[in-house]
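Source file: run-v2.cif; contents: mmCIF, C-alpha atoms and all ligand atoms.
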data_entry
#
loop_
_atom_site.group_PDB
_atom_site.id
_atom_site.type_symbol
_atom_site.label_atom_id
_atom_site.label_comp_id
_atom_site.auth_asym_id
_atom_site.auth_seq_id
_atom_site.Cartn_x
_atom_site.Cartn_y
_atom_site.Cartn_z
ATOM 1 C CA MET A 220 -56.112 17.518 -134.292
ATOM 2 C CA ILE A 221 -57.238 18.377 -130.768
ATOM 3 C CA LYS A 222 -57.878 15.588 -128.304
ATOM 4 C CA GLY A 223 -59.704 15.096 -125.030
ATOM 5 C CA THR A 224 -60.594 12.198 -122.796
ATOM 6 C CA ILE A 225 -63.665 11.215 -120.835
ATOM 7 C CA GLU A 226 -62.054 12.481 -117.662
ATOM 8 C CA ASN A 227 -61.009 15.731 -119.252
ATOM 9 C CA THR A 228 -63.826 17.314 -121.167
ATOM 10 C CA GLU A 229 -62.068 20.625 -121.583
ATOM 11 C CA PHE A 230 -61.583 21.534 -125.199
ATOM 12 C CA LYS A 231 -59.897 24.715 -126.256
ATOM 13 C CA TRP A 232 -62.167 25.545 -129.118
ATOM 14 C CA GLY A 233 -63.201 29.153 -129.128
ATOM 15 C CA ASP A 234 -66.649 29.885 -127.839
ATOM 16 C CA ILE A 235 -68.356 26.715 -128.932
ATOM 17 C CA ASP A 236 -71.354 25.965 -126.758
ATOM 18 C CA LYS A 237 -70.670 22.457 -125.444
ATOM 19 C CA GLU A 238 -72.834 20.079 -123.439
ATOM 20 C CA CYS A 239 -71.586 16.625 -122.455
ATOM 21 C CA GLN A 240 -73.242 13.646 -120.854
ATOM 22 C CA LYS A 241 -72.074 10.240 -119.812
ATOM 23 C CA GLU A 242 -74.346 7.456 -120.880
ATOM 24 C CA GLN A 243 -74.634 3.711 -120.856
ATOM 25 C CA SER A 244 -74.563 2.025 -124.191
ATOM 26 C CA SER A 245 -74.868 -1.457 -125.565
ATOM 27 C CA ASN A 246 -71.483 -0.702 -127.124
ATOM 28 C CA ALA A 247 -69.263 -0.983 -124.056
ATOM 29 C CA ASP A 248 -66.701 1.348 -125.542
ATOM 30 C CA ILE A 249 -68.986 4.317 -125.816
ATOM 31 C CA VAL A 250 -69.590 5.956 -122.504
ATOM 32 C CA GLY A 251 -70.760 9.432 -123.308
ATOM 33 C CA THR A 252 -71.629 12.056 -125.865
ATOM 34 C CA CYS A 253 -70.697 15.667 -126.302
ATOM 35 C CA ASN A 254 -72.843 18.061 -128.228
ATOM 36 C CA TYR A 255 -71.615 21.259 -129.710
ATOM 37 C CA SER A 256 -74.046 23.706 -131.242
ATOM 38 C CA TRP A 257 -73.148 22.185 -134.604
ATOM 39 C CA ILE A 258 -72.278 18.563 -134.006
ATOM 40 C CA ASN A 259 -72.346 15.783 -131.468
ATOM 41 C CA ILE A 260 -69.587 13.256 -130.808
ATOM 42 C CA LYS A 261 -69.220 10.133 -128.787
ATOM 43 C CA TRP A 262 -66.566 9.580 -126.165
ATOM 44 C CA ASN A 263 -64.680 6.358 -126.321
ATOM 45 C CA ARG A 264 -63.589 4.671 -123.123
ATOM 46 C CA ASN A 265 -60.344 3.367 -124.523
ATOM 47 C CA ALA A 266 -59.234 6.019 -126.896
ATOM 48 C CA ASP A 267 -58.883 9.726 -126.874
ATOM 49 C CA CYS A 268 -61.809 11.641 -128.247
ATOM 50 C CA LEU A 269 -61.037 13.121 -131.610
ATOM 51 C CA LEU A 270 -62.168 16.603 -132.372
ATOM 52 C CA PRO A 271 -65.447 16.447 -134.262
ATOM 53 C CA LEU A 272 -65.558 17.349 -137.896
ATOM 54 C CA PRO A 273 -68.029 19.864 -139.281
ATOM 55 C CA ASP A 274 -71.352 18.261 -140.257
ATOM 56 C CA SER A 275 -70.650 18.472 -143.971
ATOM 57 C CA LEU A 276 -67.430 16.486 -143.560
ATOM 58 C CA ASN A 277 -68.783 14.227 -140.860
ATOM 59 C CA ASN A 278 -71.696 13.247 -143.081
ATOM 60 C CA GLY A 279 -69.165 12.195 -145.694
ATOM 61 C CA PHE A 280 -67.990 9.463 -143.325
ATOM 62 C CA VAL A 281 -71.439 7.989 -142.718
ATOM 63 C CA ALA A 282 -71.457 4.293 -143.628
ATOM 64 C CA GLN A 283 -72.713 3.700 -147.151
ATOM 65 C CA GLN A 284 -76.176 2.179 -147.146
ATOM 66 C CA SER A 285 -77.509 -0.610 -149.258
ATOM 67 C CA CYS A 286 -80.647 0.956 -150.723
ATOM 68 C CA ASN A 287 -82.884 -2.070 -150.301
ATOM 69 C CA PHE A 288 -84.635 -0.490 -147.338
ATOM 70 C CA CYS A 289 -86.040 2.352 -149.435
ATOM 71 C CA SER A 290 -86.043 1.212 -153.050
ATOM 72 C CA ASN A 291 -89.625 -0.087 -152.926
ATOM 73 C CA LEU A 292 -90.909 2.428 -150.439
ATOM 74 C CA THR A 293 -93.603 4.525 -152.090
ATOM 75 C CA THR A 294 -95.535 5.710 -149.027
ATOM 76 C CA ILE A 295 -95.029 5.769 -145.284
ATOM 77 C CA ASP A 296 -97.437 3.377 -143.541
ATOM 78 C CA ARG A 297 -99.943 4.693 -141.012
ATOM 79 C CA VAL A 298 -100.949 1.787 -138.791
ATOM 80 C CA GLU A 299 -102.800 0.929 -135.608
ATOM 81 C CA LYS A 300 -102.963 -2.159 -133.386
ATOM 82 C CA LEU A 301 -99.358 -2.906 -134.292
ATOM 83 C CA SER A 302 -98.037 -5.989 -132.542
ATOM 84 C CA SER A 303 -94.439 -6.001 -131.326
ATOM 85 C CA LYS A 304 -93.796 -8.939 -133.607
ATOM 86 C CA GLU A 305 -94.993 -7.092 -136.694
ATOM 87 C CA PHE A 306 -93.150 -3.983 -135.567
ATOM 88 C CA VAL A 307 -89.896 -5.923 -135.350
ATOM 89 C CA VAL A 308 -90.357 -7.658 -138.687
ATOM 90 C CA LYS A 309 -91.443 -4.626 -140.677
ATOM 91 C CA TYR A 310 -90.073 -1.506 -139.046
ATOM 92 C CA ALA A 311 -88.017 -1.644 -135.868
ATOM 93 C CA TYR A 312 -84.606 -2.292 -137.370
ATOM 94 C CA THR A 313 -85.383 -2.184 -141.097
ATOM 95 C CA LYS A 314 -84.979 1.600 -141.507
ATOM 96 C CA VAL A 315 -88.531 1.750 -142.869
ATOM 97 C CA PRO A 316 -90.344 4.661 -141.180
ATOM 98 C CA VAL A 317 -93.849 4.178 -139.828
ATOM 99 C CA ILE A 318 -96.563 6.183 -138.101
ATOM 100 C CA ILE A 319 -98.574 4.533 -135.350
ATOM 101 C CA THR A 320 -101.880 6.283 -134.762
ATOM 102 C CA ASP A 321 -103.182 4.643 -131.587
ATOM 103 C CA ALA A 322 -100.184 4.555 -129.300
ATOM 104 C CA MET A 323 -100.893 7.326 -126.846
ATOM 105 C CA ILE A 324 -104.595 7.049 -126.236
ATOM 106 C CA ASN A 325 -104.104 6.704 -122.485
ATOM 107 C CA TRP A 326 -101.255 9.149 -122.099
ATOM 108 C CA THR A 327 -102.066 12.117 -119.899
ATOM 109 C CA ALA A 328 -99.160 13.927 -121.576
ATOM 110 C CA ARG A 329 -101.600 14.839 -124.333
ATOM 111 C CA HIS A 330 -103.467 17.118 -121.962
ATOM 112 C CA ILE A 331 -100.749 18.058 -119.472
ATOM 113 C CA TYR A 332 -97.626 18.938 -121.457
ATOM 114 C CA SER A 333 -97.417 22.623 -122.321
ATOM 115 C CA TYR A 334 -94.860 25.406 -122.326
ATOM 116 C CA ASN A 335 -95.975 26.450 -118.837
ATOM 117 C CA TYR A 336 -95.860 22.885 -117.550
ATOM 118 C CA PHE A 337 -92.232 22.472 -118.661
ATOM 119 C CA LYS A 338 -91.350 25.920 -117.367
ATOM 120 C CA GLN A 339 -92.713 25.136 -113.919
ATOM 121 C CA LEU A 340 -91.046 21.749 -113.891
ATOM 122 C CA TYR A 341 -87.590 23.085 -114.658
ATOM 123 C CA ILE A 342 -87.848 26.210 -112.568
ATOM 124 C CA ASP A 343 -88.927 24.143 -109.553
ATOM 125 C CA SER A 344 -86.170 21.582 -110.016
ATOM 126 C CA PRO A 345 -83.223 22.029 -107.657
ATOM 127 C CA SER A 346 -80.822 20.729 -110.324
ATOM 128 C CA ASN A 347 -78.656 23.281 -112.120
ATOM 129 C CA ARG A 348 -78.462 21.043 -115.125
ATOM 130 C CA MET A 349 -81.667 21.569 -117.040
ATOM 131 C CA ASN A 350 -80.790 19.858 -120.270
ATOM 132 C CA CYS A 351 -78.015 17.720 -121.729
ATOM 133 C CA GLN A 352 -78.242 19.035 -125.233
ATOM 134 C CA PHE A 353 -80.026 22.095 -126.528
ATOM 135 C CA PHE A 354 -80.941 22.929 -130.117
ATOM 136 C CA PRO A 355 -81.856 26.590 -130.610
ATOM 137 C CA TYR A 356 -82.573 26.186 -134.347
ATOM 138 C CA LYS A 357 -83.312 29.673 -135.710
ATOM 139 C CA THR A 358 -83.961 31.326 -132.375
ATOM 140 C CA GLU A 359 -81.675 33.597 -130.404
ATOM 141 C CA PHE A 360 -81.939 31.347 -127.331
ATOM 142 C CA ARG A 361 -78.719 29.853 -126.076
ATOM 143 C CA SER A 362 -80.155 27.763 -123.254
ATOM 144 C CA LEU A 363 -83.383 26.244 -122.010
ATOM 145 C CA LYS A 364 -83.322 28.754 -119.177
ATOM 146 C CA GLN A 365 -83.578 31.574 -121.716
ATOM 147 C CA VAL A 366 -86.498 29.811 -123.393
ATOM 148 C CA PHE A 367 -88.375 29.757 -120.091
ATOM 149 C CA HIS A 368 -87.755 33.442 -119.601
ATOM 150 C CA MET A 369 -89.176 34.591 -122.915
ATOM 151 C CA ASN A 370 -92.005 37.076 -123.010
ATOM 152 C CA PRO A 371 -95.160 35.147 -121.945
ATOM 153 C CA GLN A 372 -97.112 36.549 -124.894
ATOM 154 C CA ARG A 373 -94.537 35.213 -127.297
ATOM 155 C CA ALA A 374 -94.518 31.852 -125.503
ATOM 156 C CA ALA A 375 -98.300 31.552 -125.575
ATOM 157 C CA TRP A 376 -98.551 31.992 -129.361
ATOM 158 C CA ASN A 377 -102.006 33.232 -130.204
ATOM 159 C CA GLY A 378 -101.730 32.666 -133.917
ATOM 160 C CA SER A 379 -100.123 35.990 -134.671
ATOM 161 C CA ASN A 380 -96.679 36.322 -136.114
ATOM 162 C CA LEU A 381 -95.203 37.477 -132.838
ATOM 163 C CA ASN A 382 -91.658 36.226 -133.175
ATOM 164 C CA PRO A 383 -92.120 32.484 -133.752
ATOM 165 C CA TRP A 384 -89.792 30.041 -132.027
ATOM 166 C CA TYR A 385 -88.805 26.381 -132.164
ATOM 167 C CA ILE A 386 -86.318 24.552 -129.958
ATOM 168 C CA GLY A 387 -85.360 21.041 -128.835
ATOM 169 C CA TRP A 388 -83.569 19.562 -125.872
ATOM 170 C CA SER A 389 -82.675 16.306 -124.192
ATOM 171 C CA ASN A 390 -83.540 16.063 -120.547
ATOM 172 C CA CYS A 391 -80.950 14.870 -118.059
ATOM 173 C CA ASP A 392 -82.550 15.937 -114.801
ATOM 174 C CA TYR A 393 -83.806 12.686 -113.300
ATOM 175 C CA ARG A 394 -86.443 14.437 -111.187
ATOM 176 C CA VAL A 395 -87.886 15.991 -114.316
ATOM 177 C CA ALA A 396 -87.653 12.625 -116.100
ATOM 178 C CA ASN A 397 -89.644 10.933 -113.349
ATOM 179 C CA GLU A 398 -92.352 13.563 -113.570
ATOM 180 C CA LEU A 399 -92.475 13.449 -117.384
ATOM 181 C CA ARG A 400 -92.845 9.673 -117.297
ATOM 182 C CA ARG A 401 -95.911 9.876 -115.089
ATOM 183 C CA HIS A 402 -97.630 11.130 -118.235
ATOM 184 C CA TYR A 403 -96.386 8.755 -120.903
ATOM 185 C CA GLN A 404 -95.485 5.073 -121.184
ATOM 186 C CA LYS A 405 -93.079 3.078 -123.271
ATOM 187 C CA PRO A 406 -94.943 2.775 -126.608
ATOM 188 C CA TYR A 407 -96.858 -0.499 -126.591
ATOM 189 C CA PHE A 408 -95.433 -1.737 -129.896
ATOM 190 C CA LEU A 409 -91.799 -1.709 -128.693
ATOM 191 C CA PRO A 410 -90.731 -5.260 -127.894
ATOM 192 C CA ASN A 411 -90.200 -6.183 -124.238
ATOM 193 C CA ASP A 412 -86.513 -6.760 -124.796
ATOM 194 C CA SER A 413 -86.050 -3.392 -126.471
ATOM 195 C CA GLU A 414 -83.787 -1.511 -124.110
ATOM 196 C CA PRO A 415 -85.375 1.781 -123.096
ATOM 197 C CA ILE A 416 -82.952 4.640 -123.607
ATOM 198 C CA ARG A 417 -83.360 6.820 -120.586
ATOM 199 C CA THR A 418 -82.922 10.168 -122.296
ATOM 200 C CA ASP A 419 -86.099 11.985 -123.258
ATOM 201 C CA TRP A 420 -85.961 14.322 -126.222
ATOM 202 C CA ILE A 421 -88.446 17.165 -126.358
ATOM 203 C CA PHE A 422 -89.126 19.462 -129.302
ATOM 204 C CA MET A 423 -91.459 22.417 -128.926
ATOM 205 C CA GLY A 424 -92.411 25.491 -130.892
ATOM 206 C CA THR A 425 -94.806 27.514 -132.965
ATOM 207 C CA PRO A 426 -96.190 26.997 -136.482
ATOM 208 C CA ASN A 427 -94.076 27.709 -139.563
ATOM 209 C CA ASN A 428 -90.910 26.669 -137.770
ATOM 210 C CA GLY A 429 -88.976 23.463 -137.471
ATOM 211 C CA ALA A 430 -85.642 21.725 -137.763
ATOM 212 C CA HIS A 431 -83.354 22.208 -140.783
ATOM 213 C CA MET A 432 -82.446 19.256 -143.030
ATOM 214 C CA HIS A 433 -79.850 17.066 -141.319
ATOM 215 C CA ILE A 434 -78.893 13.542 -140.393
ATOM 216 C CA ASP A 435 -78.124 12.278 -136.883
ATOM 217 C CA HIS A 436 -75.171 10.244 -135.691
ATOM 218 C CA VAL A 437 -76.683 8.592 -132.652
ATOM 219 C CA GLY A 438 -76.526 4.996 -133.809
ATOM 220 C CA ARG A 439 -80.054 3.956 -132.918
ATOM 221 C CA PRO A 440 -83.532 4.504 -134.365
ATOM 222 C CA SER A 441 -86.038 6.526 -132.375
ATOM 223 C CA TRP A 442 -89.709 7.140 -131.802
ATOM 224 C CA GLN A 443 -91.279 10.548 -131.416
ATOM 225 C CA ALA A 444 -94.770 11.160 -130.040
ATOM 226 C CA GLN A 445 -96.808 14.154 -131.184
ATOM 227 C CA VAL A 446 -98.469 15.059 -127.900
ATOM 228 C CA ARG A 447 -99.685 18.421 -129.162
ATOM 229 C CA GLY A 448 -100.055 20.088 -132.573
ATOM 230 C CA HIS A 449 -99.041 18.732 -135.973
ATOM 231 C CA LYS A 450 -95.673 18.332 -137.639
ATOM 232 C CA ARG A 451 -94.709 17.760 -141.271
ATOM 233 C CA TRP A 452 -91.587 15.648 -141.819
ATOM 234 C CA PHE A 453 -89.492 15.872 -144.985
ATOM 235 C CA LEU A 454 -87.437 12.720 -145.462
ATOM 236 C CA GLN A 455 -84.614 12.251 -147.942
ATOM 237 C CA PRO A 456 -82.760 8.985 -148.531
ATOM 238 C CA PRO A 457 -78.983 9.032 -148.177
ATOM 239 C CA PRO A 458 -77.200 10.368 -151.286
ATOM 240 C CA GLU A 459 -76.061 6.937 -152.461
ATOM 241 C CA CYS A 460 -79.761 6.000 -152.777
ATOM 242 C CA TYR A 461 -80.939 9.020 -154.782
ATOM 243 C CA GLN A 462 -81.209 6.882 -157.924
ATOM 244 C CA ASN A 463 -83.220 4.138 -156.226
ATOM 245 C CA CYS A 464 -85.362 5.852 -153.604
ATOM 246 C CA ILE A 465 -87.729 8.782 -153.434
ATOM 247 C CA ASP A 466 -88.175 11.578 -150.906
ATOM 248 C CA HIS A 467 -91.163 11.423 -148.585
ATOM 249 C CA ILE A 468 -93.315 14.069 -146.957
ATOM 250 C CA VAL A 469 -95.403 12.845 -144.074
ATOM 251 C CA ASP A 470 -97.705 14.609 -141.619
ATOM 252 C CA VAL A 471 -97.629 13.487 -138.004
ATOM 253 C CA ASN A 472 -100.822 14.512 -136.272
ATOM 254 C CA HIS A 473 -101.725 15.052 -132.654
ATOM 255 C CA GLY A 474 -101.819 11.559 -131.122
ATOM 256 C CA ASP A 475 -99.479 9.912 -133.658
ATOM 257 C CA ILE A 476 -96.052 8.409 -133.049
ATOM 258 C CA ILE A 477 -93.458 8.387 -135.809
ATOM 259 C CA VAL A 478 -90.682 5.805 -135.778
ATOM 260 C CA LEU A 479 -87.687 6.831 -137.840
ATOM 261 C CA ASP A 480 -84.041 5.943 -138.179
ATOM 262 C CA THR A 481 -82.671 9.475 -138.178
ATOM 263 C CA ASN A 482 -79.161 8.122 -138.753
ATOM 264 C CA VAL A 483 -80.125 7.007 -142.241
ATOM 265 C CA TRP A 484 -82.875 9.361 -143.373
ATOM 266 C CA TYR A 485 -82.016 13.016 -143.796
ATOM 267 C CA HIS A 486 -84.883 14.874 -142.191
ATOM 268 C CA SER A 487 -86.304 18.317 -141.631
ATOM 269 C CA THR A 488 -89.553 19.368 -139.987
ATOM 270 C CA LEU A 489 -92.203 22.067 -140.207
ATOM 271 C CA ILE A 490 -94.910 22.778 -137.658
ATOM 272 C CA ILE A 491 -98.250 22.962 -139.457
ATOM 273 C CA GLY A 492 -101.735 23.989 -138.298
ATOM 274 C CA ASN A 493 -102.403 26.693 -135.746
ATOM 275 C CA ASP A 494 -101.264 25.124 -132.523
ATOM 276 C CA ILE A 495 -97.922 24.914 -130.761
ATOM 277 C CA SER A 496 -96.234 21.572 -131.405
ATOM 278 C CA ILE A 497 -94.877 19.488 -128.520
ATOM 279 C CA THR A 498 -93.241 16.117 -128.988
ATOM 280 C CA ILE A 499 -91.453 13.708 -126.709
ATOM 281 C CA GLY A 500 -89.368 10.783 -127.861
ATOM 282 C CA ALA A 501 -86.382 8.582 -127.296
ATOM 283 C CA GLU A 502 -84.059 6.186 -129.024
ATOM 284 C CA TYR A 503 -84.579 2.439 -128.650
ATOM 285 C CA ASP A 504 -82.294 -0.518 -128.910
HETATM 286 O O1 LIG B 1 -88.747 17.043 -134.172
HETATM 287 C C1 LIG B 1 -88.084 17.817 -134.844
HETATM 288 O O2 LIG B 1 -88.536 18.897 -135.242
HETATM 289 C C2 LIG B 1 -86.700 17.465 -135.231
HETATM 290 C C3 LIG B 1 -86.259 16.153 -134.694
HETATM 291 C C4 LIG B 1 -84.900 15.806 -135.145
HETATM 292 O O3 LIG B 1 -84.304 16.465 -135.944
HETATM 293 C C5 LIG B 1 -84.258 14.616 -134.641
HETATM 294 O O4 LIG B 1 -84.854 13.883 -133.848
HETATM 295 O O5 LIG B 1 -83.126 14.382 -135.056
#
Written as structure tokens, how would this file's structure read?
Ligand SMILES: O=C(O)CCC(=O)C(=O)O
Amino acid sequence: MIKGTIENTEFKWGDIDKECQKEQSSNADIVGTCNYSWINIKWNRNADCLLPLPDSLNNGFVAQQSCNFCSNLTTIDRVEKLSSKEFVVKYAYTKVPVIITDAMINWTARHIYSYNYFKQLYIDSPSNRMNCQFFPYKTEFRSLKQVFHMNPQRAAWNGSNLNPWYIGWSNCDYRVANELRRHYQKPYFLPNDSEPIRTDWIFMGTPNNGAHMHIDHVGRPSWQAQVRGHKRWFLQPPPECYQNCIDHIVDVNHGDIIVLDTNVWYHSTLIIGNDISITIGAEYD
């Protein structure tokens, strides 16, 4: 077993691509996360950080779920005019996914966010640290910087099969965060006392691509806003619920927000339609 501490983030572990960030958490013990290309782990203030297990093993240690949350779930609701009260009762912490269709009507992100917008934003930022975590999925990219240096024709995606791409990252450049937030607001259905998690997650890429089937270990549910394009989500209940619960396939369209507990639902995604997909989201407490 290899150990590290919050002060010493040096692991001797081959060539693993590692990104670490310190973060605040409602759990006072957890002060940061480290992401490797294949796993993320949380640092503990009081104890040494254990070396992460491979996903397959790590998933084996996920807390067993009672299947009540999914046993009667036959479809994923699509709702509008969702009050915070109803959101809390029905969805926020119940592990029941939902799509809200009217939550970004006034967001300028819908018209502003694009590959070139993000490229300009990051290239102009004086910070060396573009992203906290980076998911290359099936691409050859190893960093956000490489993404923003791809061939402009490939980036623009004109509907041809010119080397499709799909990536995701979490932003930790506060200047970029401030600019991004000029174009979106905290979704109106989140309760006032829901603690905003300051890390934005962005996923972007071309049709016929997406994220592989996986489960997260981030501890909180999240929302994700489809500011451009369309994305199909494939949801699977945890294995202990296979007998009681069904899989779901749900399309999230331009202008929709999906709320999902990605720590409970196994999920994969596929960009559908003809447009590039861009989403922004965050966890909530
Ligand atoms: O948006 C996507 O394509 C994948 C998102 C995801 O896997 C996640 O939020 O854990």
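Taking all atoms listed in the file into account, the protein and nucleic acid residues that come at most 8 Å from ligand LIG 1 (chain B) are A:Gly387, A:Trp420, A:Ile421, A:Phe422, A:Met423, A:Gly429, A:Ala430, A:His431, A:Met432, A:His433, A:Ile434, A:Asp435, A:Ser441, A:Gln443, A:Lys450, A:Trp452, A:Thr481, A:His486, A:Ser487, A:Thr488, A:Leu489, A:Ile490, A:Thr498.
Shortest atom-to-atom contact with A:Tyr334 among A:Phe453, A:Trp376, A:Trp442, A:Trp484: A:Trp376, counting all atoms listed in the file.
From atom CA of A:Ser413 back to atom CA of A:Leu399, the distance works out to 20.2 Å.
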Quick one: residues within 9 Å of A:Arg439, only C-alpha atoms, excluding same-chain residues fewer than 2 positions away - as a list in words?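 That gives Tyr312, His436, Val437, Ser441, Asp480, Thr481, Asn482, Glu502, Tyr503 and Asp504 of chain A.
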Quick check, in Å to one decimal: how far apart do atom CA of A:Asp470 and atom CA of A:Gly424 lie?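 These two atoms are separated by 16.2 Å.
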Expand the PyMOL selection byres (((chain A and resi 491) around 8) and not hetatm) into the individual residues it matches in the shown file, reporting them as a PyMOL selection string. chain A and resi 426-427+448-451+489-490+492-494
How would you write as a VMD selection string the residues that get within 10 Å of (-88.3, 1.7, -154.0) in the file's frame, counting all atoms listed in the file? chain A and resid 286 to 294 460 462 to 465
Considering all atoms listed in the file, tabulate each residue of stretch 363-463 of chain A that lies at most 8 Å from stretch 322-328 of chain A along with its nearest interatomic pair and the corresponding distance in Å to one decimal; arrange the rows by chain and ascending residue number and present them as a tab-separated table.
residue	atom	partner	partner_atom	distance
A:Leu399	CA	A:Ala328	CA	7.9
A:His402	CA	A:Ala328	CA	4.6
A:Tyr403	CA	A:Trp326	CA	5.0
A:Gln404	CA	A:Trp326	CA	7.1
A:Pro406	CA	A:Ala322	CA	6.2
A:Tyr407	CA	A:Ala322	CA	6.6
A:Phe408	CA	A:Ala322	CA	7.9
A:Ala444	CA	A:Met323	CA	7.9
A:Val446	CA	A:Ala328	CA	6.5
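Put simply, atom CA of A:Ile318 is 28.9 Å away from atom CA of A:Leu363.
Distances from A:Leu409, A:Trp384, A:Leu454, A:Tyr393 to A:Thr425 were compared using only C-alpha atoms, and the smallest one belongs to A:Trp384.
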Name the residues in contact with A:Val317 at a cut-off of 9 Å, using all atoms listed in the file, excluding same-chain residues fewer than 4 positions from it; report them as an mmCIF file with C-alpha atoms, in the coordinates of the input.
data_model
loop_
_atom_site.group_PDB
_atom_site.id
_atom_site.type_symbol
_atom_site.label_atom_id
_atom_site.label_comp_id
_atom_site.auth_asym_id
_atom_site.auth_seq_id
_atom_site.Cartn_x
_atom_site.Cartn_y
_atom_site.Cartn_z
ATOM 1 C CA ILE A 295 -95.029 5.769 -145.284
ATOM 2 C CA ASP A 296 -97.437 3.377 -143.541
ATOM 3 C CA ARG A 297 -99.943 4.693 -141.012
ATOM 4 C CA VAL A 298 -100.949 1.787 -138.791
ATOM 5 C CA TYR A 310 -90.073 -1.506 -139.046
ATOM 6 C CA ILE A 476 -96.052 8.409 -133.049
ATOM 7 C CA ILE A 477 -93.458 8.387 -135.809
ATOM 8 C CA VAL A 478 -90.682 5.805 -135.778
ATOM 9 C CA LEU A 479 -87.687 6.831 -137.840
#
Stretch 416-419 of chain A environment, 7 Å, only C-alpha atoms, sequence neighbours closer than 2 positions dropped, as a list in words: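 Surrounding residues, per the criterion: Ser389, Asn390, Cys391, Glu414, Ile421, Ile499, Gly500, Ala501, Glu502 and Tyr503 of chain A.
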If you apply the PyMOL selection byres (((chain A and resi 349) around 10) and not hetatm) to this file, what residues do you get, as a list in words?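 When the PyMOL selection byres (((chain A and resi 349) around 10) and not hetatm) is applied to the shown file, the picked residues are Leu340, Tyr341, Ile342, Ser344, Pro345, Ser346, Asn347, Arg348, Asn350, Cys351, Gln352, Phe353, Ser362, Leu363, Lys364, Trp388, Ser389, Asn390, Cys391, Asp392, Tyr393 and Val395 of chain A.
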Centre, edges in Å (one decimal): axis-aligned box, stretch 400-413 of chain A, 5 Å padding on all six sides, as JSON:
{"center_x": -91.8, "center_y": 2.2, "center_z": -122.5, "size_x": 21.6, "size_y": 27.9, "size_z": 24.8}
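Using all atoms listed in the file, the smallest distance between any of A:Tyr485, A:Gln365, A:Gly378, A:Asn335 and A:Tyr461 comes from A:Tyr485.
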